[in-house]
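Structure, as structure tokens:
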Amino acid sequence: MNRHRAAPLAPLATLATLGALAWLAVLTAACSAEEAPESRLSAGGRLSGDTAGYPKVTEPRPFRFPVDHGAHPRFKHEWWYVTGQVGTDKGRRFGFQLTIFREAIAREPVDSPSRWATSQLYLAHAAVTDIEAGEYLSDERFARGALGLAGAETSPLRVWLEDWSLTGRAGERDLEGRLAAQSERFGFDLTIHSTRPPVAHGDRGMSAKGSAGNASYYYSYTRLATGGTIRVDGQTFDVTGSSWLDHEWSSSALAADQSGWDWFSLQLSGGRALMLFRLRHAVDADRNFHSGTYIDAAGATTTLSSGQIDMAPLGHWTSERTGVRYPVRWRLGIPDLDLELTVEPRLENQEFAHSFRYWEGAVAVNGRLAGEAVDGQGYVELTGYGAGKER
């Protein structure tokens with residue numbers, strides 16, 4: 001589906017900056033259901049542009065919960081990202097996604113009496129994969145961080161854009177919350193409860209994004225017990241399952257020679273988990289940048305770097321809608337852990353194709369770890385691919 005909602009526009013004088021107007025104009029221009037695929041914005045494109053004057057992530061710093069569950073508005077980019085797989089007691093399975101992005105459009109708080117004035121813009125993506133029906137449903141919304149339309153708070157936890165939200169109670173280690181998003185053909189109302197403490201990625205939470213000095217602060221709840229309802233085309237299903245929450249913020253941009261990324265969040269049998277990503281070099285695959293975190297059954301973490309990660313596509317899918325070819329089947333290897341996995345999509349067509357275009361989908365995992373069989377589930381995100389440009 002292709003429904004786009006924007007906050008009503010105030011007179012030009014009330015816009016916080018010309019940057020806000022430009023950002024909204026780009027999104028509005030991209031909202032036509034008949035647009036050419038190449039006119040859509042890439043997810044990687046969000047991380048390009050002017051980041052001068054915004055604080056950079058240059059060294060580790062301890063996370064402070066629950067404060068760090070909220071917004072970090074002086075940084076350029078931030079997102080709260082929840083994906084999961086759930087099912088009914090009769091075996092019908094679904095994947096789901098709710099992502100809320102924050103984008104700073106001014107380096108300093110706006111000094112204006114206008115209630116419309118803001119230095120922040122918000123964008124939200126929601127999707128449901130109906131695995132049995134073989135259908136992927138998605139939608140997006142965007143609004144300025146003013147008039148209560150969108151924002152992020154910590155006491156209690158509330159990250160929202162209109163009535164799409166992550167709300168709840170967060171402590172130093174635990175998180176209990178609710179995810180809510182309703183669109184025309186689909187929706188979900190789900191509770192989440194952490195069964196493991198948050199995991200800090202990279203160097204004590206500072207996740208490097210290549211050799212150009214780019215980095216983010218990044219942590220995850222890798223196992224959230226999940227339950228509630230999913231609605232698809234007028235039918236409501238009671239579901240239970242597991243989900244994963246990422247929270248990341250930075251002022252970095254993709255380097256000029258980086259074309260996009262491939263990201264994996266995998267929940268493995270035996271209580272283990274794996275996060276991996278690679279940033280693809282535009283012309284030289286030998287210069288791809290890899291990173292990851294392995295979490296063992298006891299919750300201990302192992303940080304993984306480029307030389308420790310093998311990542312190779314096994315099969316592709318081409319979108320009839322956009323003509324873009326994505327690598328949706330993968331072989332992943334971590335020789336140091338004696339770990340080799342095959343990742344298969346639950347459904348090939350899980351392309352999010354609205355103002356921003358990328359592949360974001362539920363996957364199944366099988367393989368071997370230390371000589372024993374291992375399986376699991378997760379989500380994969382593929383960005384920066386275009387017709388004829390996959391690598």
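Letters for chains follow the order of the structure tokens (A, B, ...), residue numbers begin at 1 for each chain, and ligand numbers begin at 1 in the order shown.
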
Enumerate as a count of residues only all residues of range 117-249 of chain A assigned to strand (DSSP E or B) by DSSP on the backbone, naming them with the chain letters and numbers the document uses. 94

Contacts of range 329-339 of chain A at 7 Å (only C-alpha atoms; same-chain gap of 4+ positions) as a ChimeraX atom specification: /A:308-316,343-345,368-370

Output the selection as a PDB file, in the first residue's frame - N, CA and C atoms for each residue.
```pdb
ATOM      1  N   GLN A 308      36.980 -11.527  10.747  1.00  0.00           N
ATOM      2  CA  GLN A 308      36.368 -12.699  11.378  1.00  0.00           C
ATOM      3  C   GLN A 308      35.045 -13.095  10.754  1.00  0.00           C
ATOM      4  N   ILE A 309      34.543 -12.340   9.793  1.00  0.00           N
ATOM      5  CA  ILE A 309      33.195 -12.531   9.279  1.00  0.00           C
ATOM      6  C   ILE A 309      33.236 -12.879   7.798  1.00  0.00           C
ATOM      7  N   ASP A 310      32.627 -14.016   7.444  1.00  0.00           N
ATOM      8  CA  ASP A 310      32.412 -14.388   6.050  1.00  0.00           C
ATOM      9  C   ASP A 310      30.934 -14.179   5.730  1.00  0.00           C
ATOM     10  N   MET A 311      30.657 -13.501   4.644  1.00  0.00           N
ATOM     11  CA  MET A 311      29.282 -13.154   4.295  1.00  0.00           C
ATOM     12  C   MET A 311      29.144 -13.208   2.784  1.00  0.00           C
ATOM     13  N   ALA A 312      28.268 -14.087   2.275  1.00  0.00           N
ATOM     14  CA  ALA A 312      28.154 -14.238   0.828  1.00  0.00           C
ATOM     15  C   ALA A 312      26.710 -14.516   0.441  1.00  0.00           C
ATOM     16  N   PRO A 313      26.187 -13.830  -0.599  1.00  0.00           N
ATOM     17  CA  PRO A 313      24.839 -14.129  -1.094  1.00  0.00           C
ATOM     18  C   PRO A 313      24.776 -15.508  -1.733  1.00  0.00           C
ATOM     19  N   LEU A 314      23.642 -16.186  -1.537  1.00  0.00           N
ATOM     20  CA  LEU A 314      23.395 -17.479  -2.150  1.00  0.00           C
ATOM     21  C   LEU A 314      22.301 -17.423  -3.206  1.00  0.00           C
ATOM     22  N   GLY A 315      21.465 -16.394  -3.179  1.00  0.00           N
ATOM     23  CA  GLY A 315      20.368 -16.290  -4.133  1.00  0.00           C
ATOM     24  C   GLY A 315      19.740 -14.914  -4.071  1.00  0.00           C
ATOM     25  N   HIS A 316      19.111 -14.518  -5.178  1.00  0.00           N
ATOM     26  CA  HIS A 316      18.570 -13.177  -5.321  1.00  0.00           C
ATOM     27  C   HIS A 316      17.072 -13.221  -5.644  1.00  0.00           C
ATOM     28  N   VAL A 343      20.819 -18.424   5.716  1.00  0.00           N
ATOM     29  CA  VAL A 343      19.700 -17.534   6.023  1.00  0.00           C
ATOM     30  C   VAL A 343      18.764 -17.510   4.823  1.00  0.00           C
ATOM     31  N   GLU A 344      17.487 -17.846   5.049  1.00  0.00           N
ATOM     32  CA  GLU A 344      16.486 -17.908   3.994  1.00  0.00           C
ATOM     33  C   GLU A 344      15.324 -16.970   4.320  1.00  0.00           C
ATOM     34  N   PRO A 345      14.788 -16.247   3.328  1.00  0.00           N
ATOM     35  CA  PRO A 345      13.647 -15.372   3.606  1.00  0.00           C
ATOM     36  C   PRO A 345      12.377 -16.182   3.849  1.00  0.00           C
ATOM     37  N   ARG A 368      25.329 -24.787  11.678  1.00  0.00           N
ATOM     38  CA  ARG A 368      26.065 -25.565  12.676  1.00  0.00           C
ATOM     39  C   ARG A 368      26.927 -24.620  13.500  1.00  0.00           C
ATOM     40  N   LEU A 369      27.016 -24.934  14.780  1.00  0.00           N
ATOM     41  CA  LEU A 369      27.837 -24.179  15.720  1.00  0.00           C
ATOM     42  C   LEU A 369      28.626 -25.174  16.549  1.00  0.00           C
ATOM     43  N   ALA A 370      29.936 -25.088  16.453  1.00  0.00           N
ATOM     44  CA  ALA A 370      30.812 -25.994  17.196  1.00  0.00           C
ATOM     45  C   ALA A 370      30.424 -27.451  16.974  1.00  0.00           C
TER      46      ALA A 370
END
```

Residues of range 253-366 of chain A that have any atom at most 12 Å from an atom of range 126-144 of chain A: could you tabulate them with the shortest-distance atom pair and the distance in Å to one decimal, using only C-alpha atoms, ordered by chain and increasing number, as a tab-separated table?
```
residue	atom	partner	partner_atom	distance
A:Pro345	CA	A:Ile131	CA	10.0
A:Arg346	CA	A:Ile131	CA	6.5
A:Leu347	CA	A:Gly134	CA	6.4
A:Glu348	CA	A:Gly134	CA	8.8
A:Asn349	CA	A:Tyr136	CA	6.7
A:Gln350	CA	A:Tyr136	CA	5.7
A:Glu351	CA	A:Tyr136	CA	7.9
A:Phe352	CA	A:Ser138	CA	6.6
A:Ala353	CA	A:Ser138	CA	8.3
A:His354	CA	A:Glu140	CA	7.2
A:Ser355	CA	A:Glu140	CA	8.1
A:Phe356	CA	A:Glu140	CA	9.2
A:Arg357	CA	A:Glu140	CA	11.3
A:Tyr358	CA	A:Ser138	CA	11.8
A:Trp359	CA	A:Tyr136	CA	11.1
A:Glu360	CA	A:Ala127	CA	9.1
A:Gly361	CA	A:Thr129	CA	7.7
A:Ala362	CA	A:Thr129	CA	7.4
A:Val363	CA	A:Ile131	CA	10.4
A:Ala364	CA	A:Ile131	CA	11.6
```

If we count only C-alpha atoms, what is near Thr191 in chain A at a cut-off of 12 Å, once residues fewer than 3 positions away on the same chain are taken out, given as a VMD selection string? chain A and resid 82 84 86 165 to 169 175 to 180 188 194 224 to 230 238 to 243

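Inside range 18-244 of chain A, the residues DSSP reads as alpha helix (DSSP H) when given the backbone are Leu18, Gly19, Ala20, Leu21, Ala22, Trp23, Leu24, Ala25, Val26, Leu27, Thr28 and Ala29 of chain A.
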
Taking N, CA and C atoms for each residue, export the selection above as a PDB file, in the first residue's frame.
```pdb
ATOM      1  N   LEU A  18      14.956  26.334   6.814  1.00  0.00           N
ATOM      2  CA  LEU A  18      14.729  25.966   5.424  1.00  0.00           C
ATOM      3  C   LEU A  18      15.007  24.492   5.203  1.00  0.00           C
ATOM      4  N   GLY A  19      15.869  23.926   6.051  1.00  0.00           N
ATOM      5  CA  GLY A  19      16.135  22.493   5.948  1.00  0.00           C
ATOM      6  C   GLY A  19      14.894  21.670   6.191  1.00  0.00           C
ATOM      7  N   ALA A  20      14.056  22.099   7.143  1.00  0.00           N
ATOM      8  CA  ALA A  20      12.808  21.386   7.407  1.00  0.00           C
ATOM      9  C   ALA A  20      11.918  21.410   6.190  1.00  0.00           C
ATOM     10  N   LEU A  21      11.809  22.583   5.567  1.00  0.00           N
ATOM     11  CA  LEU A  21      10.982  22.698   4.379  1.00  0.00           C
ATOM     12  C   LEU A  21      11.506  21.799   3.269  1.00  0.00           C
ATOM     13  N   ALA A  22      12.812  21.781   3.078  1.00  0.00           N
ATOM     14  CA  ALA A  22      13.386  20.954   2.027  1.00  0.00           C
ATOM     15  C   ALA A  22      13.138  19.479   2.284  1.00  0.00           C
ATOM     16  N   TRP A  23      13.310  19.059   3.546  1.00  0.00           N
ATOM     17  CA  TRP A  23      13.124  17.643   3.897  1.00  0.00           C
ATOM     18  C   TRP A  23      11.686  17.213   3.641  1.00  0.00           C
ATOM     19  N   LEU A  24      10.741  18.030   4.096  1.00  0.00           N
ATOM     20  CA  LEU A  24       9.349  17.699   3.880  1.00  0.00           C
ATOM     21  C   LEU A  24       8.986  17.738   2.402  1.00  0.00           C
ATOM     22  N   ALA A  25       9.581  18.681   1.670  1.00  0.00           N
ATOM     23  CA  ALA A  25       9.300  18.770   0.242  1.00  0.00           C
ATOM     24  C   ALA A  25       9.768  17.526  -0.490  1.00  0.00           C
ATOM     25  N   VAL A  26      10.945  17.033  -0.114  1.00  0.00           N
ATOM     26  CA  VAL A  26      11.458  15.808  -0.744  1.00  0.00           C
ATOM     27  C   VAL A  26      10.531  14.641  -0.476  1.00  0.00           C
ATOM     28  N   LEU A  27      10.088  14.504   0.792  1.00  0.00           N
ATOM     29  CA  LEU A  27       9.205  13.399   1.122  1.00  0.00           C
ATOM     30  C   LEU A  27       7.879  13.533   0.400  1.00  0.00           C
ATOM     31  N   THR A  28       7.326  14.751   0.373  1.00  0.00           N
ATOM     32  CA  THR A  28       6.053  14.950  -0.293  1.00  0.00           C
ATOM     33  C   THR A  28       6.162  14.641  -1.771  1.00  0.00           C
ATOM     34  N   ALA A  29       7.270  15.057  -2.368  1.00  0.00           N
ATOM     35  CA  ALA A  29       7.461  14.792  -3.799  1.00  0.00           C
ATOM     36  C   ALA A  29       7.566  13.315  -4.077  1.00  0.00           C
TER      37      ALA A  29
END
```
